[in-house]
$ cat input_16.tsv   # TSV, C-alpha atoms
chain	number	residue	atom	x	y	z
B	1	MET	CA	7.21	8.98	23.88
B	2	ASN	CA	7.23	9.62	27.61
B	3	ALA	CA	4.08	10.02	29.64
B	4	THR	CA	4.30	13.78	30.08
B	5	SER	CA	4.88	14.97	26.51
B	6	ALA	CA	2.12	16.91	24.83
B	7	MET	CA	0.79	15.59	21.51
B	8	THR	CA	-0.46	17.81	18.71
B	9	PRO	CA	-4.03	17.46	17.38
B	10	GLU	CA	-2.50	15.87	14.26
B	11	GLU	CA	-0.73	13.26	16.41
B	12	ARG	CA	-4.06	12.59	18.16
B	13	THR	CA	-5.59	11.73	14.76
B	14	ALA	CA	-5.36	8.36	12.99
B	15	PRO	CA	-3.00	8.40	9.97
B	16	ALA	CA	-4.51	8.86	6.52
B	17	ALA	CA	-5.67	5.84	4.55
B	18	ASP	CA	-3.46	4.49	1.75
B	19	ALA	CA	-6.42	4.66	-0.62
B	20	PRO	CA	-9.92	6.17	-0.46
B	21	THR	CA	-12.23	4.05	1.70
B	22	THR	CA	-15.89	3.23	1.24
B	23	GLY	CA	-18.27	2.15	3.97
B	24	GLY	CA	-17.83	2.38	7.70
B	25	VAL	CA	-14.57	2.83	9.57
B	26	THR	CA	-13.49	1.86	13.08
B	27	LEU	CA	-11.10	3.90	15.19
B	28	MET	CA	-9.00	2.04	17.72
B	29	ASN	CA	-7.38	4.55	20.01
B	30	ARG	CA	-5.01	3.14	22.62
B	31	PHE	CA	-4.03	5.20	25.64
B	32	GLN	CA	-1.07	4.94	28.00
B	33	VAL	CA	-2.40	5.50	31.51
B	34	GLU	CA	-0.42	4.97	34.69
B	35	PRO	CA	-2.42	2.65	37.00
B	36	GLY	CA	-2.91	5.36	39.64
B	37	ARG	CA	-4.40	7.78	37.11
B	38	ASP	CA	-7.43	5.81	35.90
B	39	ASP	CA	-10.02	8.17	37.41
B	40	GLU	CA	-8.28	11.24	36.03
B	41	PHE	CA	-8.05	9.66	32.58
B	42	LEU	CA	-11.67	8.51	32.57
B	43	ALA	CA	-12.97	11.96	33.51
B	44	LEU	CA	-10.91	13.66	30.81
B	45	TRP	CA	-11.73	11.05	28.16
B	46	THR	CA	-15.45	11.23	28.98
B	47	ARG	CA	-15.46	15.01	28.68
B	48	THR	CA	-13.65	14.80	25.35
B	49	SER	CA	-15.89	12.02	24.04
B	50	HIS	CA	-18.97	14.25	24.26
B	51	TYR	CA	-17.56	16.25	21.36
B	52	PHE	CA	-17.27	13.17	19.13
B	53	ARG	CA	-20.60	11.70	20.15
B	54	LYS	CA	-22.53	14.64	18.71
B	55	GLN	CA	-20.69	14.75	15.36
B	56	PRO	CA	-22.38	13.70	12.08
B	57	GLY	CA	-21.52	10.10	11.19
B	58	PHE	CA	-20.65	8.98	14.71
B	59	LEU	CA	-22.26	5.59	15.31
B	60	SER	CA	-21.04	4.06	18.58
B	61	LEU	CA	-18.09	3.58	20.91
B	62	ARG	CA	-16.84	1.26	23.58
B	63	LEU	CA	-14.11	2.26	25.99
B	64	HIS	CA	-12.16	-0.74	27.33
B	65	ARG	CA	-9.74	-1.18	30.20
B	66	ALA	CA	-7.19	-4.00	30.29
B	67	VAL	CA	-7.70	-6.62	33.00
B	68	SER	CA	-3.96	-6.69	33.66
B	69	THR	CA	-1.83	-3.66	34.49
B	70	ASP	CA	1.11	-4.92	32.43
B	71	ALA	CA	-0.56	-3.85	29.18
B	72	GLU	CA	1.43	-1.10	27.43
B	73	TYR	CA	-1.82	0.60	26.49
B	74	ARG	CA	-4.23	-0.07	29.35
B	75	TRP	CA	-7.22	1.75	27.85
B	76	VAL	CA	-8.58	1.34	24.31
B	77	ASN	CA	-11.47	3.18	22.71
B	78	VAL	CA	-13.11	1.38	19.77
B	79	ALA	CA	-15.42	3.75	17.89
B	80	ASN	CA	-17.49	3.18	14.76
B	81	TRP	CA	-18.17	5.89	12.18
B	82	ASP	CA	-20.34	5.68	9.08
B	83	SER	CA	-17.54	6.93	6.78
B	84	GLU	CA	-13.95	8.08	6.82
B	85	GLU	CA	-15.16	11.44	5.48
B	86	HIS	CA	-17.25	12.07	8.59
B	87	PHE	CA	-14.44	10.77	10.79
B	88	ARG	CA	-11.95	13.20	9.22
B	89	ALA	CA	-14.34	16.13	9.45
B	90	ALA	CA	-14.71	15.49	13.20
B	91	HIS	CA	-10.92	15.53	13.57
B	92	THR	CA	-10.14	18.82	11.86
B	93	SER	CA	-12.46	21.30	13.59
B	94	ASP	CA	-11.39	24.00	16.01
B	95	GLU	CA	-13.51	22.29	18.66
B	96	PHE	CA	-11.52	19.08	18.14
B	97	ARG	CA	-8.22	20.92	18.49
B	98	ALA	CA	-9.41	22.56	21.69
B	99	ALA	CA	-10.71	19.26	23.11
B	100	VAL	CA	-7.49	17.28	22.62
B	101	THR	CA	-5.15	20.03	23.78
B	102	GLN	CA	-6.98	20.77	27.03
B	103	PRO	CA	-4.83	20.47	30.17
B	104	GLY	CA	-4.41	16.91	31.38
B	105	TRP	CA	-4.09	15.19	28.00
B	106	GLU	CA	-0.31	15.56	28.16
B	107	HIS	CA	-0.30	12.73	30.74
B	108	PHE	CA	-2.01	10.28	28.42
B	109	PRO	CA	-0.21	9.53	25.15
B	110	SER	CA	-2.42	7.85	22.57
B	111	SER	CA	-1.94	5.75	19.49
B	112	PRO	CA	-4.93	6.16	17.15
B	113	MET	CA	-5.34	3.92	14.11
B	114	LEU	CA	-8.20	3.55	11.64
B	115	TYR	CA	-9.55	0.16	10.54
B	116	GLN	CA	-12.31	-1.42	8.52
B	117	VAL	CA	-14.23	-4.55	9.50
B	118	VAL	CA	-13.32	-7.48	7.24
B	119	THR	CA	-15.12	-10.33	9.03
B	120	GLU	CA	-17.95	-10.29	11.54
B	121	ALA	CA	-19.43	-13.29	13.34
B	122	SER	CA	-21.59	-14.04	16.34
B	123	ALA	CA	-22.44	-17.17	18.27
B	124	SER	CA	-25.87	-17.29	16.63
B	125	ASP	CA	-24.26	-17.65	13.18
B	126	GLN	CA	-23.39	-21.30	13.85
T	1	MET	CA	10.03	-10.26	17.79
T	2	ASN	CA	10.68	-10.84	14.11
T	3	ALA	CA	8.03	-11.98	11.70
T	4	THR	CA	9.19	-15.55	11.35
T	5	SER	CA	9.50	-16.64	14.98
T	6	ALA	CA	7.09	-19.26	16.26
T	7	MET	CA	5.02	-18.38	19.34
T	8	THR	CA	3.93	-20.89	21.95
T	9	PRO	CA	0.22	-21.41	22.72
T	10	GLU	CA	0.85	-19.56	26.01
T	11	GLU	CA	2.26	-16.57	24.11
T	12	ARG	CA	-0.83	-16.67	21.88
T	13	THR	CA	-3.01	-16.25	24.99
T	14	ALA	CA	-3.88	-12.96	26.71
T	15	PRO	CA	-2.05	-12.50	30.05
T	16	ALA	CA	-3.90	-13.37	33.26
T	17	ALA	CA	-6.01	-10.73	34.98
T	18	ASP	CA	-4.63	-8.96	38.05
T	19	ALA	CA	-7.79	-9.86	39.95
T	20	PRO	CA	-10.77	-12.13	39.28
T	21	THR	CA	-13.16	-10.59	36.77
T	22	THR	CA	-16.95	-10.65	36.66
T	23	GLY	CA	-19.08	-10.10	33.60
T	24	GLY	CA	-18.04	-10.16	29.99
T	25	VAL	CA	-14.52	-9.80	28.62
T	26	THR	CA	-13.19	-8.56	25.30
T	27	LEU	CA	-10.10	-9.93	23.60
T	28	MET	CA	-8.13	-7.59	21.39
T	29	ASN	CA	-5.65	-9.60	19.41
T	30	ARG	CA	-3.32	-7.64	17.16
T	31	PHE	CA	-1.43	-9.35	14.35
T	32	GLN	CA	1.69	-8.35	12.46
T	33	VAL	CA	1.08	-9.15	8.81
T	34	GLU	CA	3.32	-8.11	5.94
T	35	PRO	CA	1.20	-6.29	3.33
T	36	GLY	CA	1.77	-8.99	0.69
T	37	ARG	CA	0.52	-11.74	3.01
T	38	ASP	CA	-3.02	-10.55	3.72
T	39	ASP	CA	-4.73	-13.41	1.88
T	40	GLU	CA	-2.54	-16.02	3.55
T	41	PHE	CA	-3.21	-14.50	6.98
T	42	LEU	CA	-6.95	-14.22	6.42
T	43	ALA	CA	-7.25	-17.86	5.35
T	44	LEU	CA	-5.27	-19.09	8.37
T	45	TRP	CA	-7.08	-16.79	10.82
T	46	THR	CA	-10.48	-17.83	9.45
T	47	ARG	CA	-9.65	-21.51	9.80
T	48	THR	CA	-8.46	-20.93	13.37
T	49	SER	CA	-11.46	-18.77	14.28
T	50	HIS	CA	-13.85	-21.65	13.64
T	51	TYR	CA	-12.46	-23.32	16.74
T	52	PHE	CA	-13.25	-20.31	18.94
T	53	ARG	CA	-16.64	-19.62	17.42
T	54	LYS	CA	-18.00	-22.97	18.59
T	55	GLN	CA	-16.73	-22.72	22.19
T	56	PRO	CA	-19.09	-22.15	25.15
T	57	GLY	CA	-19.24	-18.47	26.11
T	58	PHE	CA	-18.14	-17.10	22.73
T	59	LEU	CA	-20.40	-14.18	21.83
T	60	SER	CA	-19.09	-12.36	18.76
T	61	LEU	CA	-16.02	-11.16	16.89
T	62	ARG	CA	-14.97	-8.57	14.40
T	63	LEU	CA	-11.74	-8.85	12.44
T	64	HIS	CA	-10.38	-5.45	11.38
T	65	ARG	CA	-7.72	-4.41	8.88
T	66	ALA	CA	-5.92	-1.07	9.13
T	67	VAL	CA	-6.63	1.40	6.32
T	68	SER	CA	-2.94	2.38	6.23
T	69	THR	CA	-0.06	-0.05	5.78
T	70	ASP	CA	2.15	1.85	8.23
T	71	ALA	CA	0.32	0.35	11.22
T	72	GLU	CA	2.59	-1.89	13.29
T	73	TYR	CA	-0.27	-4.34	13.77
T	74	ARG	CA	-2.30	-4.21	10.57
T	75	TRP	CA	-4.97	-6.71	11.64
T	76	VAL	CA	-6.89	-6.70	14.92
T	77	ASN	CA	-9.49	-9.18	16.11
T	78	VAL	CA	-11.93	-7.88	18.73
T	79	ALA	CA	-13.86	-10.76	20.29
T	80	ASN	CA	-16.47	-10.73	23.05
T	81	TRP	CA	-16.86	-13.57	25.55
T	82	ASP	CA	-19.44	-13.94	28.28
T	83	SER	CA	-16.82	-14.53	31.00
T	84	GLU	CA	-13.10	-14.82	31.53
T	85	GLU	CA	-13.67	-18.39	32.72
T	86	HIS	CA	-15.06	-19.45	29.34
T	87	PHE	CA	-12.36	-17.47	27.57
T	88	ARG	CA	-9.62	-19.27	29.54
T	89	ALA	CA	-11.20	-22.69	29.00
T	90	ALA	CA	-11.14	-22.08	25.24
T	91	HIS	CA	-7.43	-21.22	25.44
T	92	THR	CA	-6.18	-24.28	27.31
T	93	SER	CA	-7.56	-27.19	25.29
T	94	ASP	CA	-5.53	-29.52	23.10
T	95	GLU	CA	-7.57	-28.30	20.12
T	96	PHE	CA	-6.50	-24.73	20.88
T	97	ARG	CA	-2.84	-25.74	21.08
T	98	ALA	CA	-3.12	-27.55	17.75
T	99	ALA	CA	-4.92	-24.62	16.09
T	100	VAL	CA	-2.37	-21.96	17.03
T	101	THR	CA	0.69	-24.07	16.27
T	102	GLN	CA	-0.39	-25.15	12.80
T	103	PRO	CA	2.06	-24.30	10.01
T	104	GLY	CA	1.82	-20.72	8.83
T	105	TRP	CA	1.22	-19.01	12.18
T	106	GLU	CA	4.97	-18.48	12.60
T	107	HIS	CA	4.69	-15.69	9.99
T	108	PHE	CA	2.11	-13.75	12.00
T	109	PRO	CA	3.18	-12.66	15.49
T	110	SER	CA	0.28	-11.60	17.68
T	111	SER	CA	-0.21	-9.50	20.77
T	112	PRO	CA	-3.34	-10.65	22.63
T	113	MET	CA	-4.72	-8.62	25.54
T	114	LEU	CA	-7.92	-8.98	27.55
T	115	TYR	CA	-10.17	-6.02	28.37
T	116	GLN	CA	-13.50	-5.16	29.92
T	117	VAL	CA	-15.94	-2.56	28.62
T	118	VAL	CA	-16.08	0.47	30.93
T	119	THR	CA	-18.22	2.85	28.85
T	120	GLU	CA	-20.55	2.20	25.94
T	121	ALA	CA	-22.41	4.79	23.88
T	122	SER	CA	-24.21	5.07	20.56
T	123	ALA	CA	-25.45	7.94	18.45
T	124	SER	CA	-29.02	7.24	19.57
T	125	ASP	CA	-28.07	7.93	23.21
T	126	GLN	CA	-28.00	11.69	22.57
$ encode --input "input_16.tsv" --output "structure tokens"
Amino acid sequence: MNATSAMTPEERTAPAADAPTTGGVTLMNRFQVEPGRDDEFLALWTRTSHYFRKQPGFLSLRLHRAVSTDAEYRWVNVANWDSEEHFRAAHTSDEFRAAVTQPGWEHFPSSPMLYQVVTEASASDQ
Amino acid sequence: MNATSAMTPEERTAPAADAPTTGGVTLMNRFQVEPGRDDEFLALWTRTSHYFRKQPGFLSLRLHRAVSTDAEYRWVNVANWDSEEHFRAAHTSDEFRAAVTQPGWEHFPSSPMLYQVVTEASASDQ
């Protein structure tokens, strides 16, 4: 996909699970952003994120930027939801469709994928 | 890269930053795992993770598995470190080299990339 093609709302949504999930889910959404367009991307992403942040089942997010510009996907959003059901509901509304088709998004192709946490550890677990 | 090629310890390490970083860093390490090899991967990854978990500056990790098997990288480790300096030190030791070249890893190509958190939000921020 080149950096100026528009993506449909369906393409902006993580593929369906192979089997029904239980428990929380984690979206990892990677974005292609040309190095000179960081500010433009961040403004558009922030505006769009306000929609998700107010949806039922949204728990938290962290938006990351790669420390090196040679990353294929320089920006990655990692967002936690309480269930796949809530996640899907947030990705099928008219407001969602409007948010991800607003002008500007055509410059930033994304690759969304849904995960579940299998192992968690912190330094204090030692 | 095919799924049976061995990677060097350098290839198992996230590329250098364009400029010196300050503050925490987040590794996202994506792994190609054939669906029938999940148990084998998880055992090898867990064994290897014990090395990182005891290093200075390690903060936390979450290992994720995709909910759909059509993901190119079905497993992703997201690990937080207190600084790039500690992260790099943990990736240049002899113990690191031994851990990531142990038999079995040749089946699981990885794509490590280093990030920093730009935006953080949770549902309670509303």
$ closest_atom_pairs --input "input_16.tsv" --of "chain B" --to "chain T" --cutoff "9 Å" --atoms "all atoms listed in the file" --output "CSV"
residue,atom,partner,partner_atom,distance
B:Pro15,CA,T:Ser68,CA,7.1
B:Ala16,CA,T:Ser68,CA,6.7
B:Ala17,CA,T:Ser68,CA,4.7
B:Asp18,CA,T:Ser68,CA,5.0
B:Ala19,CA,T:Val67,CA,7.7
B:Pro20,CA,T:Val67,CA,8.9
B:Thr21,CA,T:Val67,CA,7.7
B:Val25,CA,T:Val67,CA,8.7
B:Thr26,CA,T:His64,CA,8.1
B:Thr46,CA,T:Thr119,CA,8.8
B:Arg53,CA,T:Ala123,CA,6.4
B:Lys54,CA,T:Ala123,CA,7.3
B:Gln55,CA,T:Ala123,CA,8.9
B:Gly57,CA,T:Ala123,CA,8.5
B:Phe58,CA,T:Ala123,CA,6.2
B:Leu59,CA,T:Ala123,CA,5.1
B:Ser60,CA,T:Ser122,CA,3.9
B:Leu61,CA,T:Ala121,CA,5.4
B:Arg62,CA,T:Glu120,CA,4.5
B:Leu63,CA,T:Thr119,CA,5.0
B:His64,CA,T:Val117,CA,4.4
B:Arg65,CA,T:Tyr115,CA,5.2
B:Ala66,CA,T:Tyr115,CA,4.1
B:Val67,CA,T:Ala17,CA,4.9
B:Ser68,CA,T:Ala17,CA,4.7
B:Thr69,CA,T:Asp18,CA,7.0
B:Asp70,CA,T:Pro15,CA,8.6
B:Ala71,CA,T:Met113,CA,7.3
B:Arg74,CA,T:Tyr115,CA,8.5
B:Trp75,CA,T:Tyr115,CA,8.3
B:Val76,CA,T:Tyr115,CA,8.6
B:Met113,CA,T:Ala66,CA,7.1
B:Leu114,CA,T:Ala66,CA,5.7
B:Tyr115,CA,T:Ala66,CA,4.1
B:Gln116,CA,T:His64,CA,5.3
B:Val117,CA,T:His64,CA,4.4
B:Val118,CA,T:His64,CA,5.5
B:Thr119,CA,T:Leu63,CA,5.0
B:Glu120,CA,T:Arg62,CA,4.5
B:Ala121,CA,T:Leu61,CA,5.4
B:Ser122,CA,T:Ser60,CA,3.9
B:Ala123,CA,T:Leu59,CA,5.1
B:Ser124,CA,T:Leu59,CA,8.2
B:Asp125,CA,T:Arg53,CA,8.9
B:Gln126,CA,T:Lys54,CA,7.4
$ write_last_selection --input "input_16.tsv" --atoms "C-alpha atoms" --output "short mmCIF file (atom, residue, chain, number, x, y, z; two decimals), in the frame of the given file"
data_model
loop_
_atom_site.label_atom_id
_atom_site.label_comp_id
_atom_site.auth_asym_id
_atom_site.auth_seq_id
_atom_site.Cartn_x
_atom_site.Cartn_y
_atom_site.Cartn_z
CA PRO B 15 -3.00 8.40 9.97
CA ALA B 16 -4.51 8.86 6.52
CA ALA B 17 -5.67 5.84 4.55
CA ASP B 18 -3.46 4.49 1.75
CA ALA B 19 -6.42 4.66 -0.62
CA PRO B 20 -9.92 6.17 -0.46
CA THR B 21 -12.23 4.05 1.70
CA VAL B 25 -14.57 2.83 9.57
CA THR B 26 -13.49 1.86 13.08
CA THR B 46 -15.45 11.23 28.98
CA ARG B 53 -20.60 11.70 20.15
CA LYS B 54 -22.53 14.64 18.71
CA GLN B 55 -20.69 14.75 15.36
CA GLY B 57 -21.52 10.10 11.19
CA PHE B 58 -20.65 8.98 14.71
CA LEU B 59 -22.26 5.59 15.31
CA SER B 60 -21.04 4.06 18.58
CA LEU B 61 -18.09 3.58 20.91
CA ARG B 62 -16.84 1.26 23.58
CA LEU B 63 -14.11 2.26 25.99
CA HIS B 64 -12.16 -0.74 27.33
CA ARG B 65 -9.74 -1.18 30.20
CA ALA B 66 -7.19 -4.00 30.29
CA VAL B 67 -7.70 -6.62 33.00
CA SER B 68 -3.96 -6.69 33.66
CA THR B 69 -1.83 -3.66 34.49
CA ASP B 70 1.11 -4.92 32.43
CA ALA B 71 -0.56 -3.85 29.18
CA ARG B 74 -4.23 -0.07 29.35
CA TRP B 75 -7.22 1.75 27.85
CA VAL B 76 -8.58 1.34 24.31
CA MET B 113 -5.34 3.92 14.11
CA LEU B 114 -8.20 3.55 11.64
CA TYR B 115 -9.55 0.16 10.54
CA GLN B 116 -12.31 -1.42 8.52
CA VAL B 117 -14.23 -4.55 9.50
CA VAL B 118 -13.32 -7.48 7.24
CA THR B 119 -15.12 -10.33 9.03
CA GLU B 120 -17.95 -10.29 11.54
CA ALA B 121 -19.43 -13.29 13.34
CA SER B 122 -21.59 -14.04 16.34
CA ALA B 123 -22.44 -17.17 18.27
CA SER B 124 -25.87 -17.29 16.63
CA ASP B 125 -24.26 -17.65 13.18
CA GLN B 126 -23.39 -21.30 13.85
#
$ residues_around --input "input_16.tsv" --residues "Thr48 (chain T)" --least-positions-apart "6" --cutoff "10 Å" --atoms "all atoms listed in the file" --output "list in words"
Leu42, Phe96, Ala98, Ala99, Val100, Gln102 and Trp105 of chain T
$ atom_distance --input "input_16.tsv" --atom1 "CA of Asp38 (chain B)" --atom2 "CA of Thr92 (chain B)"
27.5 Å
$ axis_aligned_box --input "input_16.tsv" --around "region 57-64 of chain T" --padding-each-side "3 Å" --output "lines of an AutoDock Vina configuration file"
center_x = -15.4
center_y = -12.0
center_z = 18.7
size_x = 16.0
size_y = 19.0
size_z = 20.7
$ atom_distance --input "input_16.tsv" --atom1 "CA of Trp45 (chain T)" --atom2 "CA of Glu10 (chain T)"
17.4 Å
$ residues_around --input "input_16.tsv" --residues "Thr101 (chain T)" --least-positions-apart "3" --cutoff "10 Å" --atoms "all atoms listed in the file" --output "compact mmCIF listing (two decimals) with C-alpha atoms, in the frame of the given file"
# COMPACT_ATOMS: atom_id res chain seq x y z
CA ALA T 6 7.09 -19.26 16.26
CA MET T 7 5.02 -18.38 19.34
CA THR T 8 3.93 -20.89 21.95
CA PRO T 9 0.22 -21.41 22.72
CA ARG T 12 -0.83 -16.67 21.88
CA PHE T 96 -6.50 -24.73 20.88
CA ARG T 97 -2.84 -25.74 21.08
CA ALA T 98 -3.12 -27.55 17.75
CA GLY T 104 1.82 -20.72 8.83
CA TRP T 105 1.22 -19.01 12.18
CA GLU T 106 4.97 -18.48 12.60
$ atom_distance --input "input_16.tsv" --atom1 "CA of Thr13 (chain B)" --atom2 "CA of Ala89 (chain B)"
11.1 Å
